[in-house]
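S.K.: Quick one: the structure is below, and I'll ask about it shortly.
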Number of protein chains: 2
Amino acid sequence: PGSGDRARWTGPFFANDESAYFMSLNRGKKSITLNLQSPKGKEIFLSLVKQADVVVENFVPGTAKKLGIDYSVLKEVNPRLIYAAISGFGQTGPYAHRPALDVIVQGMGGIMSITGEPGRPPVRVGASVGDIAAGMFTAIGIVAAVHERSRSGLGQMLDVSMLDSQVAILENAFARYWATGEIPQPLGSRHSAATPFQAFQTRDGYIVVALMGGDPDPWPVFCSALDLVELIGDERFLDGWKRTNNYDVLEPILSEAMKKRTSQEWLQTFEELGIPCGPVNAIDRVASDPQVLHRGMVVDTPHPRLGTWKTVNSPLRLSRTPGQARGIAPQMGEHTEEILARFLGVTPQQVEALRRGGVV
Amino acid sequence: PGSGDRARWTGPFFANDESAYFMSLNRGKKSITLNLQSPKGKEIFLSLVKQADVVVENFVPGTAKKLGIDYSVLKEVNPRLIYAAISGFGQTGPYAHRPALDVIVQGMGGIMSITGEPGRPPVRVGASVGDIAAGMFTAIGIVAAVHERSRSGLGQMLDVSMLDSQVAILENAFARYWATGEIPQPLGSRHSAATPFQAFQTRDGYIVVALMGGDPDPWPVFCSALDLVELIGDERFLDGWKRTNNYDVLEPILSEAMKKRTSQEWLQTFEELGIPCGPVNAIDRVASDPQVLHRGMVVDTPHPRLGTWKTVNSPLRLSRTPGQARGIAPQMGEHTEEILARFLGVTPQQVEALRRGGVV
């Protein structure tokens with residue numbers, strides 16, 4: 001109570017000082033304040049846990065135990081509970097006690113070492129994939145545990161490490177390293193195994209083009225489109241792996257040719273030929289892209305203080321039980337009364353007393 | 001039959017010509033060959049579908065229909081079936097028919113526009129996050145649909161678009177854009193809202209350090225460690241958001257100070273102070289990191305042709321029903337006889353006849 005989630009104080013902010021960052025992470029949630037260090041707060045928490053399906057926490061390991069609300073306590077209160085703990089490095093091991101934030105696991109997990117331009121400083125992936133991968137694995141683990149519970153009747157603990165999750169999404173880089181002994185390096189915009197598979201500069205911008213085998217390999221068609229028919233029969237470029245191994249020879253030829261026409265001209269040509277291609281879109285272009293809009297990925301939600309609030313939708317399109325981004329982010333403690341009344345039958349007067357006592 | 005998955009022909013290869021790329025993507029699977037363009041092959045497929053929980057396909061939209069095995073057909077055969085279709089742009093909309101590969105959706109979905117160094121060419125995230133995000137959302141959708149089925153008894157279709165999935169994992173970039181109207185840009189290794197939250201060059205390499213609010217804000221402690229106590233009270237740097245807005249002033253001061261000591265010295269200092277930090281690890285260092293090994297993220301699997309094969313484990317640590325990476329990738333059609341015998345009672349002689357007829 002009083003300060004709440006630090007993300008509430010992280011910019012950018014809307015004109016009314018609400019954090020766009022906090023809002024984007026917490027849409028559709030309810031918020032209750034609760035002082036877990038007070039005996040009464042802890043008692044309320046345990047009463048809520050008794051009725052909960054899932055508890056998710058992202059304390060540094062050891063904190064939940066110190067508060068007396070770790071899984072060993074909660075499972076006694078509710079044996080059906082699924083308890084998901086997300087931490088930087090997991091609940092066990094030599095780094096377990098260390099704090100982490102997105103860029104730490106991006107650095108330690110290896111993705112920074114293979115992202116960026118050769119010979120230049122490490123680059124962070126512009127989206128928080130260190131956070132997001134852990135969040136997505138947590139979602140998979142929770143839904144799996146909920147399903148398993150429908151047979152066994154029992155909950156369990158899910159221990160997700162941001163570092164483990166980061167390592168898991170790199171799998172191919174490790175596969176390459178273990179197969180060849182070579183340490184994967186940053187490759188600019190290109191791919192480790194397929195060529196061409198990268199961004200090219202055109203006369204007026206950048207586009208991405210990708211060939212990856214296929215049956216038949218679109219390489220001859222691609223060469224013809226670039227007026228480079230002499231490359232078609234060249235032994236060095238016969239398949240994607242050979243083209244990758246002869247990248248240093250091939251790249252300057254392709255790059256030179258690609259600069260001769262505009263992005264729009266290339267995209268039209270490649271699209272007609274069925275060659276995977278697309279523009280390199282900035283965020284404003286993505287947000288107004290006809291396909292993105294057609295798929296309902298941009299959701300307008302009425303907001304009491306901002307009028308309409310835009311948010312990115314869930315990408316899950318289930319035919320019979322469709323999901324949908326719903327609701328806005330809660331004010332701190334906005335639902336304290338509602339939650340305590342609904343689950344524990346607490347009266348408004350009692351909530352007021354709890355508030356005066358610093359419990360909520 | 002005959003060529004199989006194109007990933008089998010994508011390098012790098014082990015000494016015995018097996019694709020490390022294919023193996024990393026297909027561990028623990030079984031492989032059956034089946035010519036879906038032959039009437040007999042299609043009949044076998046439909047018989048298998050009758051007993052299946054889930055079908056996953058990643059054809060360009062329209063292909064399954066052309067083959068006569070789209071969801072409208074399969075659900076008549078098995079109403080409990082969950083049918084997951086992953087495609088570049090989804091089953092609907094103006095781009096639905098277009099093919100896509102990882103870098104295409106990285107380009108079109110915006111992540112390339114916010115990854116890399118300011119003023120330099122676009123950079124592809126070194127891991128295939130265009131593929132992986134779609135795969136992870138598909139996993140979430142499938143498990144959710146399986147769980148829902150345990151109540152309703154009914155399957156459904158899951159339509160996952162790589163572009164939608166890419167947009168979904170960027171959510172914060174869109175939140176910033178919609179809140180401020182400013183188009184997010186590539187920021188090298190730093191964060192859009194928190195400072196310091198980036199890689200710094202030290203006397204002998206790079207490390208990552210991250211401060212993000214916290215209570216209390218570790219900024220004064222951090223300044224002391226850098227011998228920059230004069231910054232502590234500076235109004236321009238009082239919180240992470242202010243430090244971000246005054247990055248151009250602050251960054252040269254911090255970068256200069258960080259160059260004075262080695263990575264190891266800084267990491268030890270920051271760790272003692274509880275400040276999130278870590279090395280920027282190349283893949284070989286990640287693969288031998290004590291925490292990564294302690295967590296069991298590297299799995300040695302016996303392999304008949306390679307001796308021992310290393311792979312990255314699943315990051316899910318469920319206390320009661322733990323998962324584990326198991327098995328190797330199958331040879332093409334390795335399990336054709338086994339699958340056809342087990343599910344359809346087909347005899348080895350019948351399989352031989354199917355093989356001669358080009359059906360398997």
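Numbering starts fresh at 1 for the residues of each chain in the structure tokens, the chains themselves are lettered A, B, ... in the order given, and ligands are numbered from 1 as they appear.
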Which polymer residues have any atom within 10 Å of an atom of stretch 304-307 of chain A, counting only C-alpha atoms, with same-chain residues fewer than 4 positions away left out, as an MDAnalysis selection string?
M.R.: chainID A and resid 14:16 18 300 328
S.K.: Report as JSON, numbers by chain all protein, DNA and RNA residues lying within 9 Å of A:Glu171, evaluated on only C-alpha atoms, omitting residues in the same chain fewer than 2 positions from it.
M.R.: {"A": [167, 168, 169, 173, 174, 175, 176], "B": [24, 25, 127, 311, 312, 313]}
S.K.: Would you compute the distance between atom CA of A:Glu235 and atom CA of B:Ile104? Give it in Å to one decimal.
M.R.: 26.9 Å
S.K.: Find the residues around stretch 52-68 of chain B up to 8 Å (only C-alpha atoms counted), leave out those fewer than 2 positions away in its own chain, and share them as a PyMOL selection string.
M.R.: chain B and resi 36-37+48-50+70+73+80-88+90-91+96-99+142
S.K.: Would you save the residues of that selection, restricted to N, CA, C and O atoms, as a PDB file, in the first residue's frame?
M.R.:
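Dumped everything to selection_3.pdb:
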ATOM      1  N   LEU B  36       0.330 -36.922 -49.315  1.00  0.00           N
ATOM      2  CA  LEU B  36      -1.036 -36.432 -49.117  1.00  0.00           C
ATOM      3  C   LEU B  36      -1.742 -36.152 -50.432  1.00  0.00           C
ATOM      4  O   LEU B  36      -2.938 -35.887 -50.451  1.00  0.00           O
ATOM      5  N   GLN B  37      -1.000 -36.205 -51.531  1.00  0.00           N
ATOM      6  CA  GLN B  37      -1.637 -35.999 -52.837  1.00  0.00           C
ATOM      7  C   GLN B  37      -2.172 -37.297 -53.428  1.00  0.00           C
ATOM      8  O   GLN B  37      -2.896 -37.268 -54.411  1.00  0.00           O
ATOM      9  N   LEU B  48      -5.648 -41.541 -39.214  1.00  0.00           N
ATOM     10  CA  LEU B  48      -4.811 -41.135 -38.074  1.00  0.00           C
ATOM     11  C   LEU B  48      -5.453 -39.965 -37.333  1.00  0.00           C
ATOM     12  O   LEU B  48      -5.452 -39.906 -36.096  1.00  0.00           O
ATOM     13  N   VAL B  49      -6.010 -39.028 -38.099  1.00  0.00           N
ATOM     14  CA  VAL B  49      -6.635 -37.844 -37.496  1.00  0.00           C
ATOM     15  C   VAL B  49      -7.782 -38.254 -36.574  1.00  0.00           C
ATOM     16  O   VAL B  49      -8.013 -37.634 -35.535  1.00  0.00           O
ATOM     17  N   LYS B  50      -8.475 -39.314 -36.950  1.00  0.00           N
ATOM     18  CA  LYS B  50      -9.599 -39.791 -36.143  1.00  0.00           C
ATOM     19  C   LYS B  50      -9.165 -40.077 -34.705  1.00  0.00           C
ATOM     20  O   LYS B  50      -9.929 -39.950 -33.764  1.00  0.00           O
ATOM     21  N   ASP B  70      -8.231 -29.568 -44.743  1.00  0.00           N
ATOM     22  CA  ASP B  70      -8.359 -28.389 -43.886  1.00  0.00           C
ATOM     23  C   ASP B  70      -9.301 -28.701 -42.723  1.00  0.00           C
ATOM     24  O   ASP B  70      -9.902 -29.775 -42.652  1.00  0.00           O
ATOM     25  N   VAL B  73     -12.814 -30.249 -43.057  1.00  0.00           N
ATOM     26  CA  VAL B  73     -12.860 -31.694 -43.341  1.00  0.00           C
ATOM     27  C   VAL B  73     -12.520 -32.495 -42.081  1.00  0.00           C
ATOM     28  O   VAL B  73     -13.218 -33.442 -41.711  1.00  0.00           O
ATOM     29  N   ARG B  80     -13.380 -33.777 -31.795  1.00  0.00           N
ATOM     30  CA  ARG B  80     -12.558 -33.418 -30.636  1.00  0.00           C
ATOM     31  C   ARG B  80     -11.188 -32.887 -31.042  1.00  0.00           C
ATOM     32  O   ARG B  80     -10.380 -32.477 -30.203  1.00  0.00           O
ATOM     33  N   LEU B  81     -10.917 -32.871 -32.360  1.00  0.00           N
ATOM     34  CA  LEU B  81      -9.584 -32.474 -32.829  1.00  0.00           C
ATOM     35  C   LEU B  81      -9.292 -30.989 -32.574  1.00  0.00           C
ATOM     36  O   LEU B  81     -10.129 -30.129 -32.831  1.00  0.00           O
ATOM     37  N   ILE B  82      -8.085 -30.717 -32.096  1.00  0.00           N
ATOM     38  CA  ILE B  82      -7.584 -29.343 -32.078  1.00  0.00           C
ATOM     39  C   ILE B  82      -6.646 -29.177 -33.258  1.00  0.00           C
ATOM     40  O   ILE B  82      -5.686 -29.923 -33.415  1.00  0.00           O
ATOM     41  N   TYR B  83      -7.003 -28.225 -34.114  1.00  0.00           N
ATOM     42  CA  TYR B  83      -6.294 -28.037 -35.377  1.00  0.00           C
ATOM     43  C   TYR B  83      -5.571 -26.702 -35.314  1.00  0.00           C
ATOM     44  O   TYR B  83      -6.198 -25.643 -35.282  1.00  0.00           O
ATOM     45  N   ALA B  84      -4.232 -26.749 -35.245  1.00  0.00           N
ATOM     46  CA  ALA B  84      -3.447 -25.516 -35.142  1.00  0.00           C
ATOM     47  C   ALA B  84      -2.764 -25.239 -36.471  1.00  0.00           C
ATOM     48  O   ALA B  84      -2.005 -26.072 -36.963  1.00  0.00           O
ATOM     49  N   ALA B  85      -3.081 -24.094 -37.046  1.00  0.00           N
ATOM     50  CA  ALA B  85      -2.472 -23.685 -38.316  1.00  0.00           C
ATOM     51  C   ALA B  85      -1.605 -22.463 -38.053  1.00  0.00           C
ATOM     52  O   ALA B  85      -2.099 -21.430 -37.600  1.00  0.00           O
ATOM     53  N   ILE B  86      -0.304 -22.607 -38.317  1.00  0.00           N
ATOM     54  CA  ILE B  86       0.618 -21.480 -38.162  1.00  0.00           C
ATOM     55  C   ILE B  86       0.977 -20.995 -39.558  1.00  0.00           C
ATOM     56  O   ILE B  86       1.352 -21.789 -40.418  1.00  0.00           O
ATOM     57  N   SER B  87       0.859 -19.715 -39.780  1.00  0.00           N
ATOM     58  CA  SER B  87       1.210 -19.173 -41.095  1.00  0.00           C
ATOM     59  C   SER B  87       1.861 -17.812 -40.918  1.00  0.00           C
ATOM     60  O   SER B  87       1.876 -17.251 -39.818  1.00  0.00           O
ATOM     61  N   GLY B  88       2.400 -17.280 -41.994  1.00  0.00           N
ATOM     62  CA  GLY B  88       3.109 -16.014 -41.907  1.00  0.00           C
ATOM     63  C   GLY B  88       2.211 -14.884 -41.430  1.00  0.00           C
ATOM     64  O   GLY B  88       2.593 -14.081 -40.575  1.00  0.00           O
ATOM     65  N   GLY B  90      -1.497 -15.337 -41.034  1.00  0.00           N
ATOM     66  CA  GLY B  90      -2.817 -15.772 -40.586  1.00  0.00           C
ATOM     67  C   GLY B  90      -3.658 -16.273 -41.752  1.00  0.00           C
ATOM     68  O   GLY B  90      -3.303 -16.091 -42.914  1.00  0.00           O
ATOM     69  N   GLN B  91      -4.799 -16.904 -41.407  1.00  0.00           N
ATOM     70  CA  GLN B  91      -5.660 -17.518 -42.430  1.00  0.00           C
ATOM     71  C   GLN B  91      -6.541 -16.501 -43.125  1.00  0.00           C
ATOM     72  O   GLN B  91      -7.218 -16.847 -44.101  1.00  0.00           O
ATOM     73  N   ALA B  96      -2.911 -12.883 -46.438  1.00  0.00           N
ATOM     74  CA  ALA B  96      -3.030 -14.278 -45.989  1.00  0.00           C
ATOM     75  C   ALA B  96      -2.298 -15.250 -46.909  1.00  0.00           C
ATOM     76  O   ALA B  96      -1.671 -16.198 -46.456  1.00  0.00           O
ATOM     77  N   HIS B  97      -2.350 -15.009 -48.210  1.00  0.00           N
ATOM     78  CA  HIS B  97      -1.798 -15.966 -49.180  1.00  0.00           C
ATOM     79  C   HIS B  97      -0.286 -15.870 -49.306  1.00  0.00           C
ATOM     80  O   HIS B  97       0.324 -16.693 -49.962  1.00  0.00           O
ATOM     81  N   ARG B  98       0.332 -14.848 -48.697  1.00  0.00           N
ATOM     82  CA  ARG B  98       1.768 -14.649 -48.900  1.00  0.00           C
ATOM     83  C   ARG B  98       2.596 -15.586 -48.034  1.00  0.00           C
ATOM     84  O   ARG B  98       2.265 -15.817 -46.877  1.00  0.00           O
ATOM     85  N   PRO B  99       3.708 -16.074 -48.585  1.00  0.00           N
ATOM     86  CA  PRO B  99       4.616 -16.872 -47.763  1.00  0.00           C
ATOM     87  C   PRO B  99       5.436 -15.953 -46.862  1.00  0.00           C
ATOM     88  O   PRO B  99       5.578 -14.762 -47.140  1.00  0.00           O
ATOM     89  N   ILE B 142      -2.766 -24.233 -27.933  1.00  0.00           N
ATOM     90  CA  ILE B 142      -3.098 -25.663 -27.973  1.00  0.00           C
ATOM     91  C   ILE B 142      -3.409 -26.188 -26.576  1.00  0.00           C
ATOM     92  O   ILE B 142      -4.418 -26.861 -26.358  1.00  0.00           O
TER      93      ILE B 142
END
S.K.: Show me, as a ChimeraX atom specification, the residues that have an atom within 10 Å of A:Val105 when counting only C-alpha atoms, minus same-chain residues fewer than 6 positions from it.
M.R.: /A:88-89,111-112,129-131,161-167 /B:208,276-281
S.K.: Out of B:Thr115, B:Gly109, B:Gly41, B:Pro121, which residue has the shortest atom-to-atom distance to A:Gln201 when counting only C-alpha atoms?
M.R.: B:Pro121
S.K.: Mind checking DSSP for stretch 177-353 of chain B and telling me the helix (DSSP H, G or I) residues as a PyMOL selection string?
M.R.: chain B and resi 177-180+219-225+229-231+235-237+240-245+247-258+263-273+283-287+290-294+336-344+348-353
S.K.: List the neighbours of A:Ser128 out to 8 Å using only C-alpha atoms; skip same-chain residues closer than 5 positions along the sequence, and give me the result as a PyMOL selection string.
M.R.: (chain A and resi 102-103) or (chain B and resi 170)
S.K.: Keeping only C-alpha atoms, take the residues you just selected and write them out as a compact mmCIF listing (two decimals), in the first residue's frame.
M.R.:
# COMPACT_ATOMS: atom_id res chain seq x y z
CA ASP A 102 15.69 -7.98 -18.86
CA VAL A 103 19.03 -6.73 -20.17
CA LEU B 170 6.49 -5.80 -28.93
S.K.: Tell me which protein, DNA and RNA residues are within 10 Å of stretch 229-232 of chain B, counting only C-alpha atoms, leaving out same-chain ones fewer than 6 positions away, and put them as a ChimeraX atom specification.
M.R.: /B:219-223,238,250,253
S.K.: Could you tell me which of B:Glu251, B:Glu43, B:Asp159, B:Glu334 comes closest to chain A if we count only C-alpha atoms?
M.R.: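 Closest to chain A of all the choices is B:Asp159.
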S.K.: Please report, as a list in words, each residue of stretch 58-226 of chain B to which DSSP assigns strand (DSSP E or B) when run on this structure's backbone.
M.R.: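 So, restricting stretch 58-226 of chain B to strand (DSSP E or B), we get Ile82, Tyr83, Ala84, Ala85, Ile86, Ser87, Gln156, Met157, Leu158, Asp159, Val160, Ser161, Phe197, Gln198, Ala199, Phe200, Gln201, Tyr206, Ile207, Val208, Val209 and Ala210 of chain B.
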S.K.: What does the file look like for those residues with C-alpha atoms, as a PDB file, in the first residue's frame?
M.R.:
ATOM      1  CA  ILE B  82      -7.584 -29.343 -32.078  1.00  0.00           C
ATOM      2  CA  TYR B  83      -6.294 -28.037 -35.377  1.00  0.00           C
ATOM      3  CA  ALA B  84      -3.447 -25.516 -35.142  1.00  0.00           C
ATOM      4  CA  ALA B  85      -2.472 -23.685 -38.316  1.00  0.00           C
ATOM      5  CA  ILE B  86       0.618 -21.480 -38.162  1.00  0.00           C
ATOM      6  CA  SER B  87       1.210 -19.173 -41.095  1.00  0.00           C
ATOM      7  CA  GLN B 156     -11.484 -26.166 -32.383  1.00  0.00           C
ATOM      8  CA  MET B 157      -9.201 -24.411 -34.818  1.00  0.00           C
ATOM      9  CA  LEU B 158      -6.301 -22.256 -33.686  1.00  0.00           C
ATOM     10  CA  ASP B 159      -5.151 -19.746 -36.316  1.00  0.00           C
ATOM     11  CA  VAL B 160      -1.727 -18.315 -35.402  1.00  0.00           C
ATOM     12  CA  SER B 161      -0.028 -15.663 -37.509  1.00  0.00           C
ATOM     13  CA  PHE B 197      20.014  -0.330 -18.256  1.00  0.00           C
ATOM     14  CA  GLN B 198      22.513  -1.355 -20.904  1.00  0.00           C
ATOM     15  CA  ALA B 199      25.880  -2.862 -21.826  1.00  0.00           C
ATOM     16  CA  PHE B 200      28.967  -0.897 -20.808  1.00  0.00           C
ATOM     17  CA  GLN B 201      32.475  -1.300 -22.118  1.00  0.00           C
ATOM     18  CA  TYR B 206      31.423  -5.671 -21.935  1.00  0.00           C
ATOM     19  CA  ILE B 207      29.059  -6.145 -19.018  1.00  0.00           C
ATOM     20  CA  VAL B 208      25.381  -5.393 -18.543  1.00  0.00           C
ATOM     21  CA  VAL B 209      24.055  -3.351 -15.620  1.00  0.00           C
ATOM     22  CA  ALA B 210      20.432  -2.508 -14.930  1.00  0.00           C
TER      23      ALA B 210
END
S.K.: I want to know what sits within 7 Å of stretch 27-29 of chain A, based on only C-alpha atoms, with residues of the same chain fewer than 3 positions away left out; could you give that as a tab-separated table (two decimals) with N, CA and C atoms, in the first residue's frame?
M.R.:
chain	number	residue	atom	x	y	z
A	23	MET	N	0.39	0.42	-17.90
A	23	MET	CA	-0.91	0.10	-18.49
A	23	MET	C	-0.79	-1.03	-19.51
A	24	SER	N	0.30	-1.00	-20.29
A	24	SER	CA	0.41	-2.02	-21.34
A	24	SER	C	0.63	-3.41	-20.75
A	326	ARG	N	-9.03	-7.26	-23.16
A	326	ARG	CA	-10.21	-6.62	-22.58
A	326	ARG	C	-9.80	-5.77	-21.39
A	327	GLY	N	-10.41	-4.64	-21.25
A	327	GLY	CA	-10.24	-3.85	-20.05
A	327	GLY	C	-8.97	-3.02	-20.06
A	328	ILE	N	-8.85	-2.18	-19.06
A	328	ILE	CA	-7.71	-1.29	-18.92
A	328	ILE	C	-6.91	-1.74	-17.70
A	329	ALA	N	-5.85	-1.02	-17.40
A	329	ALA	CA	-5.07	-1.35	-16.21
A	329	ALA	C	-5.71	-0.70	-14.98
A	330	PRO	N	-5.66	-1.35	-13.85
A	330	PRO	CA	-6.32	-0.81	-12.66
A	330	PRO	C	-5.50	0.27	-11.97
S.K.: Identify which of the residues A:Met332, A:Ala179, A:Leu293, A:Leu316 lies closest to A:Phe22, counting only C-alpha atoms when measuring atom-to-atom distances.
M.R.: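 Of the candidates, the smallest distance to A:Phe22 is held by A:Met332.
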S.K.: What does the structure give for the distance between atom CA of A:Ile283 and atom CA of B:Ile183, in Å to one decimal?
M.R.: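 Here the two named atoms are 6.1 Å from each other.
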S.K.: So how many Å separate atom CA of A:Val351 and atom CA of A:Thr336, to one decimal?
M.R.: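 One can read the atom CA of A:Val351 to atom CA of A:Thr336 distance as 8.1 Å.
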S.K.: Which of these residues is nearest to B:Ala194, using only C-alpha atoms: B:Glu182, B:Asp5, B:Glu272, B:Asp239?
M.R.: B:Asp239
S.K.: Using only C-alpha atoms, pick whichever of A:Phe237, A:Tyr247, A:Phe137, A:Tyr71 has the shortest atom-to-atom distance to chain B.
M.R.: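 Under the stated criterion, the closest residue is A:Phe137.
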